[in-house]
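Dumped structure_32.tsv below, it's TSV, C-alpha atoms and all ligand atoms:
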chain	number	residue	atom	x	y	z
A	1	MET	CA	-63.41	-15.10	8.86
A	2	ASN	CA	-61.62	-18.23	7.74
A	3	LEU	CA	-60.01	-19.66	10.87
A	4	ASP	CA	-58.31	-22.42	8.88
A	5	LEU	CA	-55.91	-19.83	7.55
A	6	PHE	CA	-54.40	-19.45	11.01
A	7	ALA	CA	-54.11	-23.12	11.87
A	8	PRO	CA	-50.72	-23.91	10.29
A	9	GLU	CA	-49.03	-20.99	12.02
A	10	GLU	CA	-50.50	-21.90	15.39
A	11	LEU	CA	-49.31	-25.44	14.89
A	12	SER	CA	-45.79	-24.41	13.98
A	13	ASP	CA	-45.70	-22.03	16.96
A	14	LYS	CA	-46.48	-24.90	19.29
A	15	ARG	CA	-43.89	-27.15	17.74
A	16	GLN	CA	-41.14	-24.55	17.72
A	17	GLN	CA	-40.31	-22.74	20.93
A	18	GLN	CA	-37.80	-19.89	21.00
A	19	LEU	CA	-35.65	-19.89	24.14
A	20	ALA	CA	-33.45	-16.96	23.18
A	21	GLN	CA	-32.42	-15.07	20.03
A	22	ASP	CA	-30.52	-18.01	18.52
A	23	ALA	CA	-31.89	-20.91	20.57
A	24	PHE	CA	-34.91	-23.07	19.75
A	25	VAL	CA	-36.71	-26.20	20.87
A	26	LEU	CA	-38.08	-28.14	17.89
A	27	HIS	CA	-40.73	-30.32	19.50
A	28	GLY	CA	-40.98	-33.78	17.97
A	29	PHE	CA	-38.58	-32.89	15.16
A	30	ALA	CA	-36.66	-36.19	15.45
A	31	ALA	CA	-39.78	-38.39	15.59
A	32	PRO	CA	-39.68	-39.39	11.91
A	33	TYR	CA	-36.04	-40.48	12.30
A	34	VAL	CA	-36.34	-42.59	15.46
A	35	ALA	CA	-36.98	-45.99	13.85
A	36	GLN	CA	-33.78	-45.59	11.84
A	37	LEU	CA	-31.71	-44.16	14.71
A	38	LEU	CA	-32.28	-46.90	17.30
A	39	PRO	CA	-30.62	-49.89	15.55
A	40	LEU	CA	-27.70	-47.64	14.56
A	41	LEU	CA	-27.26	-46.57	18.20
A	42	GLU	CA	-27.22	-50.24	19.16
A	43	ALA	CA	-24.46	-50.93	16.61
A	44	ILE	CA	-22.39	-47.93	17.82
A	45	GLN	CA	-22.43	-49.11	21.43
A	46	GLN	CA	-21.30	-52.59	20.37
A	47	VAL	CA	-18.08	-50.97	19.07
A	48	SER	CA	-17.68	-48.12	21.57
A	49	PRO	CA	-19.64	-49.01	24.72
A	50	PHE	CA	-21.13	-46.50	27.13
A	51	ARG	CA	-18.70	-45.61	29.91
A	52	HIS	CA	-18.67	-43.30	32.93
A	53	LEU	CA	-15.91	-40.76	32.32
A	54	VAL	CA	-13.86	-39.24	35.12
A	55	THR	CA	-13.55	-35.46	35.28
A	56	PRO	CA	-10.13	-33.78	35.60
A	57	GLY	CA	-11.08	-33.21	39.26
A	58	GLY	CA	-11.48	-36.97	39.76
A	59	PHE	CA	-15.29	-37.26	39.82
A	60	ARG	CA	-17.05	-40.09	37.99
A	61	MET	CA	-19.79	-38.64	35.76
A	62	SER	CA	-23.25	-40.08	36.46
A	63	VAL	CA	-24.11	-39.76	32.75
A	64	ALA	CA	-22.67	-42.63	30.69
A	65	MET	CA	-21.20	-41.60	27.36
A	66	THR	CA	-20.01	-42.79	23.98
A	67	CYS	CA	-19.50	-41.03	20.63
A	68	CYS	CA	-19.58	-41.45	16.90
A	69	GLY	CA	-18.08	-39.47	14.04
A	70	PRO	CA	-14.55	-38.32	13.15
A	71	LEU	CA	-14.07	-36.87	16.66
A	72	GLY	CA	-15.32	-37.92	20.07
A	73	TRP	CA	-15.27	-36.10	23.40
A	74	THR	CA	-13.49	-37.66	26.28
A	75	SER	CA	-12.30	-36.79	29.77
A	76	ASP	CA	-9.82	-38.11	32.29
A	77	ARG	CA	-7.49	-36.81	35.01
A	78	ARG	CA	-5.50	-34.99	32.29
A	79	GLY	CA	-8.47	-32.90	31.09
A	80	TYR	CA	-11.35	-32.69	28.63
A	81	ARG	CA	-10.60	-33.06	24.93
A	82	TYR	CA	-11.74	-34.25	21.53
A	83	SER	CA	-9.97	-37.28	20.13
A	84	ALA	CA	-10.15	-39.24	16.86
A	85	VAL	CA	-9.75	-42.50	18.77
A	86	ASP	CA	-11.83	-44.08	21.48
A	87	PRO	CA	-9.42	-44.41	24.42
A	88	GLU	CA	-11.26	-47.61	25.48
A	89	HIS	CA	-9.69	-49.53	22.60
A	90	GLY	CA	-7.42	-47.13	20.73
A	91	ARG	CA	-9.27	-47.33	17.42
A	92	ASN	CA	-11.40	-44.68	15.69
A	93	TRP	CA	-14.87	-43.91	16.97
A	94	PRO	CA	-17.64	-45.54	14.90
A	95	PRO	CA	-18.49	-43.42	11.85
A	96	MET	CA	-21.42	-41.00	12.07
A	97	PRO	CA	-24.34	-42.67	10.25
A	98	GLU	CA	-25.70	-40.67	7.31
A	99	ILE	CA	-29.16	-40.43	8.87
A	100	PHE	CA	-27.65	-38.85	12.04
A	101	LEU	CA	-26.03	-36.20	9.87
A	102	GLN	CA	-29.25	-35.60	7.94
A	103	LEU	CA	-31.22	-35.12	11.16
A	104	ALA	CA	-28.61	-32.74	12.61
A	105	GLN	CA	-28.43	-30.68	9.43
A	106	ALA	CA	-32.20	-30.50	9.00
A	107	ALA	CA	-32.70	-29.38	12.63
A	108	ALA	CA	-29.92	-26.78	12.37
A	109	ALA	CA	-31.42	-25.40	9.14
A	110	GLN	CA	-34.87	-25.25	10.75
A	111	ALA	CA	-33.35	-23.08	13.49
A	112	GLY	CA	-31.65	-20.81	10.94
A	113	PHE	CA	-28.17	-22.40	10.78
A	114	ASP	CA	-27.43	-23.43	7.21
A	115	ASP	CA	-24.50	-25.64	6.19
A	116	PHE	CA	-23.98	-27.23	9.62
A	117	GLN	CA	-21.14	-29.76	9.26
A	118	PRO	CA	-20.83	-31.62	12.56
A	119	ASP	CA	-17.72	-33.75	13.03
A	120	ALA	CA	-18.67	-35.13	16.45
A	121	CYS	CA	-21.77	-36.74	17.92
A	122	LEU	CA	-21.71	-37.23	21.70
A	123	ILE	CA	-24.13	-39.84	22.96
A	124	ASN	CA	-25.20	-39.51	26.59
A	125	ARG	CA	-27.19	-42.11	28.50
A	126	TYR	CA	-29.17	-40.99	31.54
A	127	GLN	CA	-30.89	-43.32	33.96
A	128	PRO	CA	-33.41	-42.14	36.57
A	129	GLY	CA	-31.55	-40.03	39.16
A	130	THR	CA	-28.80	-39.05	36.70
A	131	LYS	CA	-28.12	-35.38	36.12
A	132	LEU	CA	-25.75	-33.13	34.21
A	133	SER	CA	-24.48	-30.05	36.05
A	134	LEU	CA	-24.61	-26.60	34.45
A	135	HIS	CA	-21.74	-26.22	31.96
A	136	GLN	CA	-20.78	-24.51	28.71
A	137	ASP	CA	-19.87	-26.47	25.57
A	138	LYS	CA	-16.53	-24.81	24.95
A	139	ASP	CA	-14.06	-27.55	24.03
A	140	GLU	CA	-14.92	-26.98	20.35
A	141	GLN	CA	-12.66	-24.82	18.19
A	142	ASP	CA	-15.47	-23.34	16.13
A	143	TYR	CA	-18.16	-21.42	18.02
A	144	ALA	CA	-19.72	-20.27	14.74
A	145	ALA	CA	-21.45	-23.66	14.44
A	146	PRO	CA	-24.49	-24.43	16.62
A	147	ILE	CA	-25.05	-27.32	19.02
A	148	VAL	CA	-27.86	-29.67	17.98
A	149	SER	CA	-29.21	-31.81	20.82
A	150	VAL	CA	-31.64	-34.71	20.24
A	151	SER	CA	-33.63	-36.26	23.10
A	152	LEU	CA	-34.82	-39.88	23.04
A	153	GLY	CA	-36.50	-42.02	25.69
A	154	ILE	CA	-37.77	-40.89	29.10
A	155	PRO	CA	-38.40	-37.16	29.74
A	156	ALA	CA	-35.93	-34.74	31.28
A	157	ILE	CA	-35.90	-31.14	32.43
A	158	PHE	CA	-33.26	-29.23	30.48
A	159	LEU	CA	-31.83	-26.12	32.13
A	160	PHE	CA	-31.00	-23.30	29.76
A	161	GLY	CA	-29.09	-20.51	31.46
A	162	GLY	CA	-27.09	-17.44	30.57
A	163	GLN	CA	-23.51	-16.50	29.77
A	164	GLU	CA	-22.53	-16.74	33.46
A	165	ARG	CA	-22.97	-19.78	35.66
A	166	SER	CA	-24.84	-17.66	38.22
A	167	ASP	CA	-27.41	-16.39	35.66
A	168	LYS	CA	-30.96	-17.61	36.12
A	169	SER	CA	-31.88	-20.60	33.95
A	170	VAL	CA	-35.19	-21.59	32.41
A	171	ARG	CA	-36.54	-25.13	32.82
A	172	VAL	CA	-37.43	-26.78	29.53
A	173	PRO	CA	-39.20	-30.16	29.65
A	174	LEU	CA	-37.81	-32.38	26.87
A	175	PHE	CA	-39.54	-35.47	25.53
A	176	HIS	CA	-38.72	-38.29	23.13
A	177	GLY	CA	-38.11	-36.78	19.70
A	178	ASP	CA	-37.48	-33.19	20.82
A	179	VAL	CA	-34.47	-31.32	19.43
A	180	VAL	CA	-32.82	-28.24	20.95
A	181	VAL	CA	-30.59	-26.05	18.79
A	182	TRP	CA	-28.47	-23.22	20.20
A	183	GLY	CA	-25.83	-21.17	18.42
A	184	GLY	CA	-24.94	-17.65	17.35
A	185	VAL	CA	-25.09	-15.22	20.28
A	186	ASP	CA	-26.40	-18.06	22.49
A	187	ARG	CA	-23.69	-20.60	21.63
A	188	LEU	CA	-21.89	-20.38	24.99
A	189	ARG	CA	-24.89	-20.34	27.28
A	190	TYR	CA	-24.72	-22.51	30.37
A	191	HIS	CA	-27.00	-25.55	30.27
A	192	GLY	CA	-27.59	-28.79	32.12
A	193	VAL	CA	-30.11	-31.48	32.99
A	194	LEU	CA	-31.96	-31.91	36.32
A	195	PRO	CA	-31.94	-35.39	37.93
A	196	LEU	CA	-34.25	-37.58	35.85
A	197	LYS	CA	-37.49	-38.81	37.40
A	198	GLU	CA	-38.22	-42.53	37.46
A	199	ALA	CA	-40.01	-43.44	34.21
A	200	GLU	CA	-40.15	-46.07	31.53
A	201	HIS	CA	-40.27	-45.45	27.79
A	202	PRO	CA	-41.98	-48.00	25.51
A	203	LEU	CA	-39.00	-48.17	23.13
A	204	LEU	CA	-36.02	-47.31	25.32
A	205	GLY	CA	-37.02	-48.52	28.79
A	206	ARG	CA	-35.70	-46.71	31.90
A	207	GLN	CA	-33.32	-44.40	30.09
A	208	ARG	CA	-32.90	-41.21	28.17
A	209	ILE	CA	-30.45	-41.04	25.29
A	210	ASN	CA	-29.24	-37.62	24.20
A	211	LEU	CA	-27.27	-37.01	21.02
A	212	THR	CA	-25.36	-33.75	20.71
A	213	PHE	CA	-23.91	-32.82	17.37
A	214	ARG	CA	-21.04	-30.37	17.32
A	215	LYS	CA	-18.41	-29.00	15.03
A	216	ALA	CA	-15.38	-29.64	17.20
A	217	ALA	CA	-12.44	-28.94	14.85
A	301	LIG	C1	-25.15	-31.81	26.93
A	301	LIG	O1	-25.18	-30.71	27.41
A	301	LIG	O2	-24.09	-32.24	26.42
A	301	LIG	C2	-26.35	-32.72	26.91
A	301	LIG	C3	-27.65	-32.03	27.16
A	301	LIG	C4	-28.80	-32.99	27.26
A	301	LIG	O3	-28.62	-34.15	27.64
A	301	LIG	O4	-29.94	-32.58	26.97
A	302	FE2	FE	-23.47	-29.51	26.91
Just give me the structure as structure tokens.
Ligand code: SIN
Ligand code: FE2
Amino acid sequence: MNLDLFAPEELSDKRQQQLAQDAFVLHGFAAPYVAQLLPLLEAIQQVSPFRHLVTPGGFRMSVAMTCCGPLGWTSDRRGYRYSAVDPEHGRNWPPMPEIFLQLAQAAAAQAGFDDFQPDACLINRYQPGTKLSLHQDKDEQDYAAPIVSVSLGIPAIFLFGGQERSDKSVRVPLFHGDVVVWGGVDRLRYHGVLPLKEAEHPLLGRQRINLTFRKAA
């Protein structure tokens, strides 16, 4: 028997984990893009700095956030919404770099979503201790498009739940370069991030940066 024949499939199985019918973790998928992403992220935050948004209920989010692309997500006492301008300075969000778009489209296609055309990239910064409570991504107008989520920096435990907040969730460890894609019948699943453990990443230091690409309009 030629065992070599089975090696590529075993490898791809390890690098691609199915969480649900239309939800996948693509382990290390973003690794080849990282060197190009980091200086672009630096340039974006020079224009639209990370900030701690306030929820409509008046709570300051522990995750710091900025955005790039035609639309950005924002929140204040009046509610959650997408906006073409960064409310910090009233001008457009920085454009979405071409390589961001290429990564998002390649990951979506790998998970079975062709022709993904994201118009928003949310950029979350987590420091040790920071968490993101279970929520659905439902401020977008188009649920036909998937969510593509890229993890950089220190590890996190991603929670992937069900259609109801009370449904059991699975714990998915995410590392630098991992990409999660969920769409189709799984598009509105609850998800979140457990409080990050203290850690230091050789390129990013004591932080995790998460990019989520969405089609908002
Ligand atoms: C999000 O749900 O918007 C971000 C998820 C993550 O940081 O992995
Ligand atoms: Fe989300």
Next on the checklist: Show me which residues line ligand FE2 302 (chain A), defined as having an atom within 12 Å of a ligand atom where only C-alpha atoms and all ligand atoms count, and present them as a ChimeraX atom specification.
Outcome noted: /A:63,73,121-124,131-140,146-150,158-161,180-182,187-193,210-214
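CA of Ser83 (chain A) sits 14.0 Å away from CA of Met65 (chain A).
CA of Pro97 (chain A) lies 26.7 Å from CA of Asp22 (chain A).
Distances to ligand LIG 301 (chain A) were evaluated for A:Met96, A:Leu174, A:Ala217, A:Ala145 using only C-alpha atoms and all ligand atoms, and the minimum falls at A:Leu174.
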Item to check | region 33-49 of chain A surroundings by all atoms listed in the file, 7 Å radius, close-in-sequence under 4 positions cut, as a count of residues only | outcome: 3
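From atom O1 of ligand LIG 301 (chain A) back to CA of Asp86 (chain A), the distance works out to 19.8 Å.
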Item to check | Shortest interatomic distance to Arg60 (chain A) - which of A:Pro87, A:Pro202, A:Thr130, A:Ala23, counting only C-alpha atoms | outcome: A:Thr130
Which residues are near Ala64 (chain A)? Cut-off 9 Å, all atoms listed in the file, ignore same chain within fewer than 2 positions. Put them as a PDB file with C-alpha atoms, keeping the file's coordinate frame.
ATOM      1  CA  PHE A  50     -21.130 -46.500  27.130  1.00  0.00           C
ATOM      2  CA  ARG A  51     -18.700 -45.610  29.910  1.00  0.00           C
ATOM      3  CA  HIS A  52     -18.670 -43.300  32.930  1.00  0.00           C
ATOM      4  CA  LEU A  53     -15.910 -40.760  32.320  1.00  0.00           C
ATOM      5  CA  MET A  61     -19.790 -38.640  35.760  1.00  0.00           C
ATOM      6  CA  SER A  62     -23.250 -40.080  36.460  1.00  0.00           C
ATOM      7  CA  THR A  66     -20.010 -42.790  23.980  1.00  0.00           C
ATOM      8  CA  ILE A 123     -24.130 -39.840  22.960  1.00  0.00           C
ATOM      9  CA  ASN A 124     -25.200 -39.510  26.590  1.00  0.00           C
ATOM     10  CA  ARG A 125     -27.190 -42.110  28.500  1.00  0.00           C
ATOM     11  CA  TYR A 126     -29.170 -40.990  31.540  1.00  0.00           C
ATOM     12  CA  GLN A 127     -30.890 -43.320  33.960  1.00  0.00           C
TER      13      GLN A 127
END
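Using all atoms listed in the file, the smallest distance between any of A:Leu203, A:Val25, A:Leu71, A:Ala107 and ligand LIG 301 (chain A) comes from A:Val25.
For the choices A:Lys215, A:Gly112, A:Val172, A:Arg208, the atom-to-atom distance to Ala144 (chain A) is smallest for A:Lys215 when using all atoms listed in the file.
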How big is the axis-aligned box, and where does its centre sit, when it encloses all atoms of region 188-207 of chain A listed in the file and has 3 Å added on every side, reported in Å to one decimal as lines of an AutoDock Vina configuration file?
center_x = -31.9
center_y = -34.4
center_z = 30.5
size_x = 26.1
size_y = 34.2
size_z = 20.8
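Among A:Arg81, A:Glu98, A:Ala109, A:Asp186, the residue with the shortest atom-to-atom distance to Gly162 (chain A), counting only C-alpha atoms, is A:Asp186.
Using only C-alpha atoms for every distance, the candidate list A:Cys68, A:Val185, A:Leu194, A:Leu101 yields A:Cys68 as the residue closest to Ala120 (chain A).
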Item to check | Expected answer as a ChimeraX atom specification: all residues with atoms within 8 Å of (-39.6, -41.8, 35.3), all atoms listed in the file | outcome: /A:128,154-155,196-200,206
